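Note: the block below is my_file_37.pdb and it holds PDB, C-alpha atoms and all ligand atoms.
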ATOM      1  CA  MET A  52      19.028  12.155  11.390
ATOM      2  CA  THR A  53      16.434  14.419   9.795
ATOM      3  CA  ALA A  54      16.094  14.143   6.063
ATOM      4  CA  LYS A  55      15.888  17.336   4.004
ATOM      5  CA  PRO A  56      12.603  17.960   2.199
ATOM      6  CA  GLN A  57      13.001  16.290  -1.183
ATOM      7  CA  ARG A  58      11.751  16.964  -4.661
ATOM      8  CA  THR A  59       8.748  14.791  -5.313
ATOM      9  CA  ALA A  60       6.756  13.405  -8.202
ATOM     10  CA  ARG A  61       2.981  13.362  -8.069
ATOM     11  CA  LEU A  62       1.207  10.083  -8.736
ATOM     12  CA  PRO A  63      -2.131  10.248 -10.578
ATOM     13  CA  ASP A  64      -4.033   9.953  -7.264
ATOM     14  CA  GLY A  65      -2.199  12.996  -5.891
ATOM     15  CA  THR A  66       0.267  11.116  -3.674
ATOM     16  CA  GLU A  67       3.742  12.667  -3.676
ATOM     17  CA  VAL A  68       6.738  10.353  -3.731
ATOM     18  CA  PRO A  69      10.447  11.259  -3.708
ATOM     19  CA  VAL A  70      12.015  11.452  -7.170
ATOM     20  CA  LEU A  71      14.986   9.446  -5.949
ATOM     21  CA  GLY A  72      14.301   6.017  -4.501
ATOM     22  CA  GLN A  73      16.211   2.777  -4.062
ATOM     23  CA  GLY A  74      16.286  -0.501  -5.983
ATOM     24  CA  THR A  75      16.881  -3.976  -4.567
ATOM     25  CA  TRP A  76      17.652  -6.304  -7.479
ATOM     26  CA  HIS A  77      20.398  -8.786  -6.419
ATOM     27  CA  MET A  78      19.856  -8.002  -2.763
ATOM     28  CA  GLY A  79      18.989 -11.015  -0.638
ATOM     29  CA  GLU A  80      20.921 -13.416  -2.851
ATOM     30  CA  ARG A  81      23.564 -14.211  -0.258
ATOM     31  CA  GLY A  82      22.592 -14.591   3.356
ATOM     32  CA  SER A  83      25.895 -13.158   4.536
ATOM     33  CA  ASP A  84      25.246  -9.847   2.726
ATOM     34  CA  ARG A  85      21.706  -9.301   3.938
ATOM     35  CA  ARG A  86      22.497  -7.279   7.014
ATOM     36  CA  ALA A  87      24.708  -4.855   5.066
ATOM     37  CA  GLU A  88      22.053  -4.562   2.358
ATOM     38  CA  ALA A  89      19.330  -3.731   4.862
ATOM     39  CA  ASP A  90      21.710  -1.215   6.481
ATOM     40  CA  ALA A  91      22.263   0.416   3.075
ATOM     41  CA  LEU A  92      18.510   0.715   2.514
ATOM     42  CA  ARG A  93      18.096   2.184   5.991
ATOM     43  CA  LEU A  94      20.834   4.736   5.309
ATOM     44  CA  GLY A  95      18.912   5.603   2.141
ATOM     45  CA  LEU A  96      15.748   6.061   4.208
ATOM     46  CA  ASP A  97      17.686   8.367   6.546
ATOM     47  CA  LEU A  98      18.733  10.388   3.508
ATOM     48  CA  GLY A  99      15.168  10.704   2.225
ATOM     49  CA  MET A 100      15.255   7.997  -0.462
ATOM     50  CA  THR A 101      12.125   6.517   1.000
ATOM     51  CA  LEU A 102      10.713   4.847  -2.100
ATOM     52  CA  ILE A 103      11.973   1.255  -2.148
ATOM     53  CA  ASP A 104      11.517  -0.906  -5.227
ATOM     54  CA  THR A 105      11.505  -4.692  -5.024
ATOM     55  CA  ALA A 106       9.847  -7.703  -6.659
ATOM     56  CA  GLU A 107       8.784 -11.256  -5.901
ATOM     57  CA  MET A 108      11.332 -12.253  -8.535
ATOM     58  CA  TYR A 109      14.423 -10.788  -6.859
ATOM     59  CA  ALA A 110      16.363 -13.545  -5.096
ATOM     60  CA  ASP A 111      13.127 -15.562  -5.159
ATOM     61  CA  GLY A 112      11.639 -13.328  -2.512
ATOM     62  CA  GLY A 113      14.939 -12.772  -0.698
ATOM     63  CA  ALA A 114      15.037  -9.088  -1.650
ATOM     64  CA  GLU A 115      11.598  -8.613  -0.082
ATOM     65  CA  GLU A 116      12.995 -10.114   3.111
ATOM     66  CA  VAL A 117      15.814  -7.559   3.044
ATOM     67  CA  VAL A 118      13.144  -4.860   2.654
ATOM     68  CA  ARG A 119      11.415  -6.311   5.747
ATOM     69  CA  ASP A 120      14.602  -5.861   7.763
ATOM     70  CA  ALA A 121      15.107  -2.349   6.380
ATOM     71  CA  VAL A 122      11.621  -1.044   7.173
ATOM     72  CA  ALA A 123      11.172  -2.844  10.491
ATOM     73  CA  GLY A 124      10.013  -0.232  12.983
ATOM     74  CA  ARG A 125       9.820   2.479  10.322
ATOM     75  CA  ARG A 126       7.145   1.250   7.925
ATOM     76  CA  GLU A 127       5.410   4.635   7.821
ATOM     77  CA  GLU A 128       8.513   6.328   6.377
ATOM     78  CA  ALA A 129       8.726   3.999   3.404
ATOM     79  CA  PHE A 130       6.818   3.872   0.142
ATOM     80  CA  ILE A 131       7.117   0.231  -0.929
ATOM     81  CA  VAL A 132       6.887  -0.830  -4.553
ATOM     82  CA  SER A 133       6.802  -4.527  -5.409
ATOM     83  CA  LYS A 134       6.120  -6.446  -8.590
ATOM     84  CA  VAL A 135       4.213  -9.518  -9.574
ATOM     85  CA  TYR A 136       5.523 -11.994 -12.167
ATOM     86  CA  PRO A 137       3.495 -11.908 -15.398
ATOM     87  CA  GLN A 138       2.474 -15.536 -14.962
ATOM     88  CA  ASN A 139       1.066 -14.672 -11.536
ATOM     89  CA  ALA A 140      -0.761 -11.557 -12.704
ATOM     90  CA  SER A 141      -4.071 -13.374 -13.202
ATOM     91  CA  ARG A 142      -7.445 -13.493 -11.463
ATOM     92  CA  ALA A 143      -6.556 -16.910 -10.049
ATOM     93  CA  ARG A 144      -2.975 -16.298  -8.896
ATOM     94  CA  MET A 145      -2.328 -12.661  -8.100
ATOM     95  CA  ALA A 146      -3.825 -12.684  -4.584
ATOM     96  CA  ARG A 147      -1.551 -15.542  -3.540
ATOM     97  CA  SER A 148       1.535 -13.781  -4.896
ATOM     98  CA  CYS A 149       0.601 -10.582  -3.141
ATOM     99  CA  ASP A 150      -0.009 -12.357   0.178
ATOM    100  CA  ALA A 151       3.412 -13.998  -0.082
ATOM    101  CA  SER A 152       5.084 -10.645  -0.768
ATOM    102  CA  LEU A 153       3.267  -9.038   2.185
ATOM    103  CA  ARG A 154       4.350 -11.890   4.432
ATOM    104  CA  ARG A 155       7.989 -11.711   3.342
ATOM    105  CA  MET A 156       8.086  -7.949   3.882
ATOM    106  CA  GLY A 157       6.157  -8.112   7.156
ATOM    107  CA  VAL A 158       3.813  -5.339   6.055
ATOM    108  CA  GLU A 159       0.043  -5.104   5.741
ATOM    109  CA  THR A 160      -0.102  -3.273   2.465
ATOM    110  CA  ILE A 161       2.054  -2.597  -0.588
ATOM    111  CA  ASP A 162       2.027   1.057  -1.606
ATOM    112  CA  LEU A 163       2.406   0.325  -5.308
ATOM    113  CA  TYR A 164       2.145  -3.086  -6.977
ATOM    114  CA  LEU A 165       3.408  -3.440 -10.540
ATOM    115  CA  LEU A 166       3.036  -5.955 -13.334
ATOM    116  CA  HIS A 167       6.736  -6.802 -13.846
ATOM    117  CA  TRP A 168       6.427  -7.241 -17.611
ATOM    118  CA  ARG A 169       3.745  -8.293 -20.010
ATOM    119  CA  GLY A 170       3.161 -12.014 -20.330
ATOM    120  CA  GLY A 171       0.313 -14.214 -21.484
ATOM    121  CA  VAL A 172      -2.397 -12.934 -19.115
ATOM    122  CA  PRO A 173      -4.666 -10.339 -20.778
ATOM    123  CA  LEU A 174      -3.949  -6.842 -19.445
ATOM    124  CA  ALA A 175      -7.643  -6.346 -18.641
ATOM    125  CA  GLU A 176      -7.596  -9.407 -16.380
ATOM    126  CA  THR A 177      -4.479  -8.158 -14.590
ATOM    127  CA  VAL A 178      -6.126  -4.781 -14.041
ATOM    128  CA  GLU A 179      -9.208  -6.486 -12.620
ATOM    129  CA  ALA A 180      -7.043  -8.542 -10.248
ATOM    130  CA  PHE A 181      -5.204  -5.359  -9.143
ATOM    131  CA  GLY A 182      -8.612  -3.761  -8.477
ATOM    132  CA  ARG A 183      -9.597  -6.580  -6.153
ATOM    133  CA  LEU A 184      -6.389  -6.188  -4.159
ATOM    134  CA  VAL A 185      -6.988  -2.434  -3.857
ATOM    135  CA  GLU A 186     -10.509  -3.148  -2.553
ATOM    136  CA  ALA A 187      -9.112  -5.686  -0.092
ATOM    137  CA  GLY A 188      -6.622  -3.084   1.180
ATOM    138  CA  LYS A 189      -3.642  -5.271   0.292
ATOM    139  CA  ILE A 190      -2.244  -2.782  -2.183
ATOM    140  CA  ARG A 191      -2.822   0.952  -2.288
ATOM    141  CA  ARG A 192      -2.430   1.373  -6.045
ATOM    142  CA  TRP A 193      -1.107  -0.435  -9.098
ATOM    143  CA  GLY A 194       1.088   0.198 -12.101
ATOM    144  CA  VAL A 195       3.073  -1.531 -14.824
ATOM    145  CA  SER A 196       6.647  -2.111 -15.902
ATOM    146  CA  ASN A 197       8.336  -2.636 -19.270
ATOM    147  CA  LEU A 198       5.224  -1.597 -21.169
ATOM    148  CA  ASP A 199       5.718   0.361 -24.376
ATOM    149  CA  LEU A 200       3.288   2.928 -25.696
ATOM    150  CA  ASP A 201       0.972   0.523 -27.533
ATOM    151  CA  ASP A 202       0.567  -1.583 -24.377
ATOM    152  CA  LEU A 203      -0.161   1.504 -22.300
ATOM    153  CA  GLU A 204      -2.776   2.587 -24.826
ATOM    154  CA  GLU A 205      -4.351  -0.841 -24.541
ATOM    155  CA  LEU A 206      -5.075  -0.075 -20.871
ATOM    156  CA  GLY A 207      -7.782   2.221 -22.215
ATOM    157  CA  ALA A 208     -10.216   3.323 -19.525
ATOM    158  CA  ALA A 209      -7.894   1.950 -16.817
ATOM    159  CA  LEU A 210      -4.971   4.154 -17.884
ATOM    160  CA  PRO A 211      -5.795   7.015 -15.473
ATOM    161  CA  ASP A 212      -5.543   4.564 -12.550
ATOM    162  CA  CYS A 213      -2.117   3.291 -13.591
ATOM    163  CA  ALA A 214       0.327   4.957 -11.194
ATOM    164  CA  THR A 215       3.545   4.475 -13.162
ATOM    165  CA  ASP A 216       5.367   2.628 -15.924
ATOM    166  CA  GLN A 217       8.761   1.426 -14.666
ATOM    167  CA  VAL A 218      11.137   1.207 -17.628
ATOM    168  CA  LEU A 219      14.807   1.019 -18.546
ATOM    169  CA  TYR A 220      15.921   4.636 -18.802
ATOM    170  CA  ASN A 221      19.442   5.965 -18.518
ATOM    171  CA  LEU A 222      22.010   7.797 -20.665
ATOM    172  CA  GLU A 223      22.682   4.647 -22.695
ATOM    173  CA  ALA A 224      18.988   3.877 -23.078
ATOM    174  CA  ARG A 225      17.318   7.144 -24.068
ATOM    175  CA  GLY A 226      14.658   5.646 -26.357
ATOM    176  CA  PRO A 227      11.757   6.535 -24.002
ATOM    177  CA  GLU A 228      12.518  10.245 -24.524
ATOM    178  CA  TYR A 229      11.109  10.018 -28.031
ATOM    179  CA  ASP A 230       7.540   9.073 -27.215
ATOM    180  CA  LEU A 231       7.016   7.241 -23.926
ATOM    181  CA  LEU A 232       8.103  10.033 -21.583
ATOM    182  CA  PRO A 233       6.010  12.690 -23.381
ATOM    183  CA  PHE A 234       2.980  10.350 -23.448
ATOM    184  CA  CYS A 235       3.233   9.647 -19.718
ATOM    185  CA  ARG A 236       3.801  13.324 -18.950
ATOM    186  CA  ASP A 237       0.657  14.213 -20.919
ATOM    187  CA  HIS A 238      -1.285  11.647 -18.891
ATOM    188  CA  GLY A 239       0.027  12.829 -15.530
ATOM    189  CA  MET A 240       1.806   9.525 -14.931
ATOM    190  CA  PRO A 241       5.385   9.564 -13.580
ATOM    191  CA  VAL A 242       7.853   7.176 -15.179
ATOM    192  CA  MET A 243      10.160   5.153 -12.941
ATOM    193  CA  ALA A 244      13.651   4.859 -14.431
ATOM    194  CA  TYR A 245      15.262   1.530 -13.655
ATOM    195  CA  SER A 246      18.993   0.791 -13.975
ATOM    196  CA  PRO A 247      19.567   4.570 -13.927
ATOM    197  CA  VAL A 248      23.320   4.146 -13.412
ATOM    198  CA  GLY A 249      23.595   1.423 -16.062
ATOM    199  CA  GLN A 250      24.029  -1.314 -13.457
ATOM    200  CA  GLY A 251      27.353   0.195 -12.472
ATOM    201  CA  GLY A 252      28.968  -1.027 -15.700
ATOM    202  CA  ARG A 253      30.282   0.501 -18.930
ATOM    203  CA  LEU A 254      28.214   3.669 -18.598
ATOM    204  CA  LEU A 255      30.152   4.752 -15.524
ATOM    205  CA  ARG A 256      33.448   4.419 -17.392
ATOM    206  CA  ASN A 257      32.395   6.790 -20.174
ATOM    207  CA  ALA A 258      34.924   9.605 -20.586
ATOM    208  CA  ALA A 259      32.392  12.370 -21.293
ATOM    209  CA  LEU A 260      30.346  11.403 -18.255
ATOM    210  CA  ARG A 261      33.472  11.326 -16.124
ATOM    211  CA  ASP A 262      34.468  14.791 -17.363
ATOM    212  CA  VAL A 263      31.111  16.220 -16.333
ATOM    213  CA  ALA A 264      31.421  14.452 -12.980
ATOM    214  CA  ALA A 265      34.877  15.943 -12.424
ATOM    215  CA  ARG A 266      33.482  19.446 -13.075
ATOM    216  CA  HIS A 267      30.913  18.860 -10.341
ATOM    217  CA  GLY A 268      33.375  17.206  -7.974
ATOM    218  CA  THR A 269      31.374  13.990  -7.858
ATOM    219  CA  GLY A 270      31.300  10.523  -9.403
ATOM    220  CA  PRO A 271      29.782   9.496 -12.746
ATOM    221  CA  ALA A 272      26.815   7.726 -11.126
ATOM    222  CA  ALA A 273      25.642  10.965  -9.517
ATOM    223  CA  ILE A 274      25.706  12.700 -12.912
ATOM    224  CA  ALA A 275      23.838   9.793 -14.530
ATOM    225  CA  LEU A 276      21.174  10.180 -11.845
ATOM    226  CA  ALA A 277      21.040  13.965 -12.161
ATOM    227  CA  PHE A 278      20.537  13.435 -15.881
ATOM    228  CA  THR A 279      17.428  11.266 -15.404
ATOM    229  CA  LEU A 280      16.103  13.593 -12.700
ATOM    230  CA  ARG A 281      16.558  16.774 -14.786
ATOM    231  CA  GLN A 282      13.000  16.352 -16.022
ATOM    232  CA  GLU A 283       9.748  16.540 -14.084
ATOM    233  CA  GLY A 284       7.839  13.304 -13.647
ATOM    234  CA  ILE A 285      10.811  10.926 -13.496
ATOM    235  CA  ILE A 286      11.555   8.787 -10.471
ATOM    236  CA  ALA A 287      14.975   7.072 -10.435
ATOM    237  CA  ILE A 288      15.595   3.937  -8.384
ATOM    238  CA  PRO A 289      19.342   3.182  -8.238
ATOM    239  CA  LYS A 290      20.358   0.088  -6.328
ATOM    240  CA  ALA A 291      23.303   0.541  -3.991
ATOM    241  CA  ALA A 292      24.495  -1.847  -1.336
ATOM    242  CA  ALA A 293      27.663   0.144  -0.585
ATOM    243  CA  SER A 294      27.152   3.028   1.827
ATOM    244  CA  ASP A 295      29.432   5.382  -0.138
ATOM    245  CA  HIS A 296      27.293   4.705  -3.213
ATOM    246  CA  VAL A 297      24.128   5.441  -1.234
ATOM    247  CA  ARG A 298      25.538   8.759  -0.071
ATOM    248  CA  GLN A 299      26.756   9.754  -3.520
ATOM    249  CA  ASN A 300      23.400   8.877  -5.049
ATOM    250  CA  ALA A 301      21.531  10.928  -2.457
ATOM    251  CA  ALA A 302      23.744  13.914  -3.274
ATOM    252  CA  ALA A 303      22.735  13.665  -6.947
ATOM    253  CA  ARG A 304      19.464  15.422  -6.091
ATOM    254  CA  ASP A 305      21.366  18.659  -5.509
ATOM    255  CA  ILE A 306      23.215  18.630  -8.830
ATOM    256  CA  VAL A 307      21.999  21.037 -11.479
ATOM    257  CA  LEU A 308      23.435  20.183 -14.879
ATOM    258  CA  THR A 309      24.472  23.174 -16.977
ATOM    259  CA  GLU A 310      23.803  23.691 -20.679
ATOM    260  CA  GLU A 311      27.434  22.799 -21.282
ATOM    261  CA  ASP A 312      27.061  19.542 -19.328
ATOM    262  CA  LEU A 313      23.921  18.610 -21.239
ATOM    263  CA  ARG A 314      25.577  19.360 -24.581
ATOM    264  CA  ALA A 315      28.504  17.125 -23.678
ATOM    265  CA  LEU A 316      26.187  14.325 -22.578
ATOM    266  CA  ASP A 317      24.047  14.648 -25.732
ATOM    267  CA  ALA A 318      27.182  14.365 -27.858
ATOM    268  CA  ALA A 319      28.293  11.210 -26.064
ATOM    269  CA  PHE A 320      24.792   9.700 -25.745
ATOM    270  CA  PRO A 321      22.677  11.075 -28.601
ATOM    271  CA  PRO A 322      18.966  11.481 -27.923
ATOM    272  CA  PRO A 323      16.618   9.340 -30.052
ATOM    273  CA  ARG A 324      15.588  10.778 -33.426
ATOM    274  CA  ARG A 325      12.928   8.165 -34.138
ATOM    275  CA  LYS A 326      10.831   5.583 -32.342
ATOM    276  CA  GLN A 327      12.855   2.842 -30.686
ATOM    277  CA  ALA A 328      11.166  -0.252 -29.294
ATOM    278  CA  LEU A 329      11.320  -0.162 -25.520
ATOM    279  CA  ALA A 330      14.461  -1.943 -24.344
ATOM    280  CA  MET A 331      14.293  -4.122 -21.270
ATOM    281  CA  LEU A 332      16.746  -6.076 -19.137
TER     282      LEU A 332
HETATM  283  P1  LIG B   1      21.518   0.329 -11.272
HETATM  284  O1  LIG B   1      21.687   1.173 -12.494
HETATM  285  O2  LIG B   1      20.788   0.878 -10.132
HETATM  286  O3  LIG B   1      22.993  -0.135 -10.834
HETATM  287  C1  LIG B   1      23.251  -0.859  -9.664
HETATM  288  C2  LIG B   1      24.762  -1.124  -9.616
HETATM  289  O4  LIG B   1      25.460   0.127  -9.643
HETATM  290  C3  LIG B   1      25.218  -1.846  -8.369
HETATM  291  O5  LIG B   1      26.250  -2.712  -8.746
HETATM  292  C4  LIG B   1      25.749  -0.737  -7.481
HETATM  293  O6  LIG B   1      26.807  -1.178  -6.645
HETATM  294  C5  LIG B   1      26.281   0.254  -8.506
HETATM  295  N1  LIG B   1      26.186   1.634  -8.020
HETATM  296  C6  LIG B   1      25.122   2.228  -7.422
HETATM  297  N2  LIG B   1      25.412   3.500  -7.097
HETATM  298  C7  LIG B   1      26.685   3.713  -7.482
HETATM  299  C8  LIG B   1      27.562   4.820  -7.386
HETATM  300  N3  LIG B   1      27.176   5.960  -6.816
HETATM  301  N4  LIG B   1      28.810   4.693  -7.902
HETATM  302  C9  LIG B   1      29.228   3.539  -8.488
HETATM  303  N5  LIG B   1      28.439   2.450  -8.582
HETATM  304  C10 LIG B   1      27.185   2.537  -8.084
HETATM  305  O7  LIG B   1      20.902  -1.062 -11.790
HETATM  306  P2  LIG B   1      19.717  -1.985 -11.362
HETATM  307  O8  LIG B   1      19.519  -2.910 -12.513
HETATM  308  O9  LIG B   1      19.897  -2.553 -10.032
HETATM  309  O10 LIG B   1      18.431  -1.017 -11.371
HETATM  310  C11 LIG B   1      17.972  -0.345 -10.232
HETATM  311  C12 LIG B   1      16.700  -0.978  -9.715
HETATM  312  O11 LIG B   1      15.655  -0.920 -10.675
HETATM  313  C13 LIG B   1      16.836  -2.480  -9.430
HETATM  314  O12 LIG B   1      17.593  -2.734  -8.284
HETATM  315  C14 LIG B   1      15.385  -2.877  -9.381
HETATM  316  O13 LIG B   1      14.810  -2.491  -8.155
HETATM  317  C15 LIG B   1      14.823  -2.054 -10.543
HETATM  318  N6  LIG B   1      14.823  -2.789 -11.821
HETATM  319  C16 LIG B   1      13.615  -3.089 -12.413
HETATM  320  C17 LIG B   1      13.556  -3.797 -13.584
HETATM  321  C18 LIG B   1      12.223  -4.125 -14.178
HETATM  322  O14 LIG B   1      12.162  -4.951 -15.095
HETATM  323  N7  LIG B   1      11.151  -3.501 -13.737
HETATM  324  C19 LIG B   1      14.760  -4.263 -14.285
HETATM  325  C20 LIG B   1      16.000  -3.824 -13.646
HETATM  326  C21 LIG B   1      15.984  -3.119 -12.474
HETATM  327  P3  LIG B   1      26.595  -1.613  -5.097
HETATM  328  O15 LIG B   1      25.315  -2.352  -5.001
HETATM  329  O16 LIG B   1      27.809  -2.426  -4.825
HETATM  330  O17 LIG B   1      26.578  -0.355  -4.257
END
Encoded form (structure tokens):
Amino acid sequence: MTAKPQRTARLPDGTEVPVLGQGTWHMGERGSDRRAEADALRLGLDLGMTLIDTAEMYADGGAEEVVRDAVAGRREEAFIVSKVYPQNASRARMARSCDASLRRMGVETIDLYLLHWRGGVPLAETVEAFGRLVEAGKIRRWGVSNLDLDDLEELGAALPDCATDQVLYNLEARGPEYDLLPFCRDHGMPVMAYSPVGQGGRLLRNAALRDVAARHGTGPAAIALAFTLRQEGIIAIPKAAASDHVRQNAAARDIVLTEEDLRALDAAFPPPRRKQALAML
């Protein structure tokens, strides 16, 4: 199967990555589901969703093992993002965490390694530890997750090297539109939208969203994804273990929302009118 050329986002170092990737939270939790989960990720790869997001946290490393099965024999196609726990994001501990992630995924390098959220380790120390892993060739670049504007500003001179901020962003969580998305856009840093379909919950039952979906002959998740992807510099990483979900998500890239659609979505999910603290799951 040949994947169509996809819209991409440009990382600060010039690397282009697809704007639609795949998440893996809750994969690897049950041994009996692992094969189907890896198959779903491989179907996503076939469909051009080649950015795969995982973390040492997910299923205690089990999700990284699912990623190993998914990319076996096709490592070069995938752009792998993993995340280090805040308590491991130190000079003393990060290398060990990274080695364990590499081993579980059966790869020699992680394309993008993120600080999962901010903990007690000073950001400057985490950045230094990331730098050592880049020099050692164990990661290609680094970024952050769940960092609000003030934390990003604290990165200071290191900010231009930060490849992304992965944050909660979907129709129900539009706070980042007020300040975080414009800030990142101004700094040439794509934002990675996590839980873009609201974890498959209440969001997908919303009547206005379902109306828009019906107009486009698709499901609500595809419209939720098209909504996050309507702007430049956003990468969405829906997690889907069901193959029909994977296919529907892939099709979201071709949806162009009309003014009427956007008005209906704004009415149901009003955009922020003032600063909101960054929400996180
Ligand atoms: P998502 O918004 O991606 O929702 C996933 C859920 O939605 C699953 O139950 C999935 O079902 C369902 N779903 C997916 N596609 C469809 C569809 N087309 N129609 C109906 N239902 C659908 O939530 P996540 O929280 O998983 O976020 C995505 C990824 O972001 C995570 O997997 C993880 O990689 C990352 N993340 C990062 C965080 C961080 O702190 N940095 C926090 C949270 C997430 P099924 O699996 O059965 O197909």
Range 167-191 of chain A near range 195-205 of chain A within 10 Å: what's each residue's closest atom pair and its distance in Å to one decimal, counting all atoms listed in the file, ordered by chain then ascending residue number, as a tab-separated table?
residue	atom	partner	partner_atom	distance
A:His167	CA	A:Ser196	CA	5.1
A:Trp168	CA	A:Asn197	CA	5.3
A:Arg169	CA	A:Leu198	CA	7.0
A:Leu174	CA	A:Glu205	CA	7.9
A:Ala175	CA	A:Glu205	CA	8.7
A:Val178	CA	A:Val195	CA	9.8
- Could you tell me which residues the PyMOL selection byres (((chain A and resi 172) around 7) and not hetatm) returns for this structure, as a PyMOL selection string? chain A and resi 138+140-141+170-171+173-174+176-177
Dump as a tab-separated table the rows for residues of chain A within 6 Å of ligand LIG 1 (chain B): closest atom pair and distance in Å with one decimal, only C-alpha atoms and all ligand atoms counted, ordered by chain and rising residue number.
residue	atom	partner	partner_atom	distance
A:Gly74	CA	B:LIG1	O13	3.3
A:Thr75	CA	B:LIG1	O12	4.0
A:Trp76	CA	B:LIG1	O12	3.7
A:Asp104	CA	B:LIG1	O13	4.7
A:Thr105	CA	B:LIG1	O13	5.1
A:His167	CA	B:LIG1	N7	5.5
A:Ser196	CA	B:LIG1	N7	5.2
A:Gln217	CA	B:LIG1	N7	5.6
A:Tyr245	CA	B:LIG1	O11	3.9
A:Ser246	CA	B:LIG1	O1	3.1
A:Pro247	CA	B:LIG1	O1	4.3
A:Val248	CA	B:LIG1	O1	3.5
A:Gly249	CA	B:LIG1	O1	4.1
A:Gln250	CA	B:LIG1	O3	3.1
A:Gly251	CA	B:LIG1	O4	3.4
A:Ala272	CA	B:LIG1	N3	4.7
A:Ala273	CA	B:LIG1	N3	5.9
A:Ile288	CA	B:LIG1	C12	5.2
A:Pro289	CA	B:LIG1	O2	3.3
A:Lys290	CA	B:LIG1	O2	3.9
A:Ala291	CA	B:LIG1	O17	3.4
A:Ala292	CA	B:LIG1	O15	3.8
A:Ala293	CA	B:LIG1	O17	3.9
A:His296	CA	B:LIG1	N3	3.8
A:Gln299	CA	B:LIG1	N3	5.0
A:Asn300	CA	B:LIG1	N3	5.1
A:Leu332	CA	B:LIG1	C19	5.5
- Query: Rounded to one decimal in Å, what is the spacing between CA of Leu313 in chain A and CA of Arg61 in chain A?
  - Reply: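 These atoms are spaced 25.3 Å apart.
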- Item | Coordinates-based distance that separates CA of Gly270 in chain A from CA of Arg256 in chain A (Å, one decimal) |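 Value for the CA of Arg256 in chain A-CA of Gly270 in chain A distance: 10.3 Å.
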- Item | Residue with smallest distance to Ala328 in chain A - pool A:Ala87, A:Ala208, A:Ala121, A:Leu231, counting all atoms listed in the file |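 So, comparing all the options, the nearest one is A:Leu231.
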- Message: Translate the PyMOL selection byres (((chain A and resi 93) around 12) and not hetatm) into a concrete residue list for this structure, as a VMD selection string.
- Response: chain A and resid 52 72 to 73 86 to 92 94 to 103 117 to 126 128 to 129 291 to 294 297 to 298
- Could you give me, as a PyMOL selection string, the residues within 9 Å of range 63-70 of chain A, counting only C-alpha atoms and dropping anything in the same chain fewer than 5 positions from it? chain A and resi 57-58+99-102+130+192+211-215+238-241+243+280+283-288+304
- Contacts of range 154-160 of chain A within 7 Å, all atoms listed in the file, excl. fewer than 5 positions in-chain, as a ChimeraX atom specification: /A:115-116,118-119,188-191
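For the atom pair formed by CA of Leu255 in chain A and CA of Pro271 in chain A, the distance is 5.5 Å, given to one decimal.
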- Query: Leaving out His267 in chain A and any residue of its chain fewer than 2 positions from it, which residues lie within 12 Å of it when counting all atoms listed in the file, given as a ChimeraX atom specification?
  - Reply: /A:260-265,269-274,277,302-303,305-309,312
Could range 169-177 of chain A be completed with N, CA, C and O atoms and returned as a PDB file, keeping the file's coordinate frame?
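Written output follows (rebuild11.pdb):
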ATOM      1  N   ARG A 169       4.948  -7.718 -19.432  1.00  0.00           N
ATOM      2  CA  ARG A 169       3.745  -8.293 -20.010  1.00  0.00           C
ATOM      3  C   ARG A 169       3.978  -9.746 -20.395  1.00  0.00           C
ATOM      4  O   ARG A 169       4.941 -10.074 -21.070  1.00  0.00           O
ATOM      5  N   GLY A 170       3.070 -10.606 -19.968  1.00  0.00           N
ATOM      6  CA  GLY A 170       3.161 -12.014 -20.330  1.00  0.00           C
ATOM      7  C   GLY A 170       1.899 -12.444 -21.041  1.00  0.00           C
ATOM      8  O   GLY A 170       1.321 -11.675 -21.808  1.00  0.00           O
ATOM      9  N   GLY A 171       1.450 -13.661 -20.757  1.00  0.00           N
ATOM     10  CA  GLY A 171       0.313 -14.214 -21.484  1.00  0.00           C
ATOM     11  C   GLY A 171      -1.049 -13.809 -20.935  1.00  0.00           C
ATOM     12  O   GLY A 171      -2.071 -13.997 -21.594  1.00  0.00           O
ATOM     13  N   VAL A 172      -1.098 -13.281 -19.710  1.00  0.00           N
ATOM     14  CA  VAL A 172      -2.397 -12.934 -19.115  1.00  0.00           C
ATOM     15  C   VAL A 172      -2.900 -11.622 -19.740  1.00  0.00           C
ATOM     16  O   VAL A 172      -2.130 -10.659 -19.820  1.00  0.00           O
ATOM     17  N   PRO A 173      -4.165 -11.591 -20.185  1.00  0.00           N
ATOM     18  CA  PRO A 173      -4.666 -10.339 -20.778  1.00  0.00           C
ATOM     19  C   PRO A 173      -4.540  -9.175 -19.787  1.00  0.00           C
ATOM     20  O   PRO A 173      -4.799  -9.339 -18.589  1.00  0.00           O
ATOM     21  N   LEU A 174      -4.138  -8.011 -20.323  1.00  0.00           N
ATOM     22  CA  LEU A 174      -3.949  -6.842 -19.445  1.00  0.00           C
ATOM     23  C   LEU A 174      -5.222  -6.534 -18.653  1.00  0.00           C
ATOM     24  O   LEU A 174      -5.164  -6.182 -17.475  1.00  0.00           O
ATOM     25  N   ALA A 175      -6.376  -6.677 -19.317  1.00  0.00           N
ATOM     26  CA  ALA A 175      -7.643  -6.346 -18.641  1.00  0.00           C
ATOM     27  C   ALA A 175      -7.853  -7.235 -17.417  1.00  0.00           C
ATOM     28  O   ALA A 175      -8.348  -6.777 -16.375  1.00  0.00           O
ATOM     29  N   GLU A 176      -7.442  -8.496 -17.528  1.00  0.00           N
ATOM     30  CA  GLU A 176      -7.596  -9.407 -16.380  1.00  0.00           C
ATOM     31  C   GLU A 176      -6.652  -8.993 -15.247  1.00  0.00           C
ATOM     32  O   GLU A 176      -7.020  -9.009 -14.068  1.00  0.00           O
ATOM     33  N   THR A 177      -5.438  -8.609 -15.617  1.00  0.00           N
ATOM     34  CA  THR A 177      -4.479  -8.158 -14.590  1.00  0.00           C
ATOM     35  C   THR A 177      -5.013  -6.920 -13.873  1.00  0.00           C
ATOM     36  O   THR A 177      -4.938  -6.820 -12.640  1.00  0.00           O
TER      37      THR A 177
END
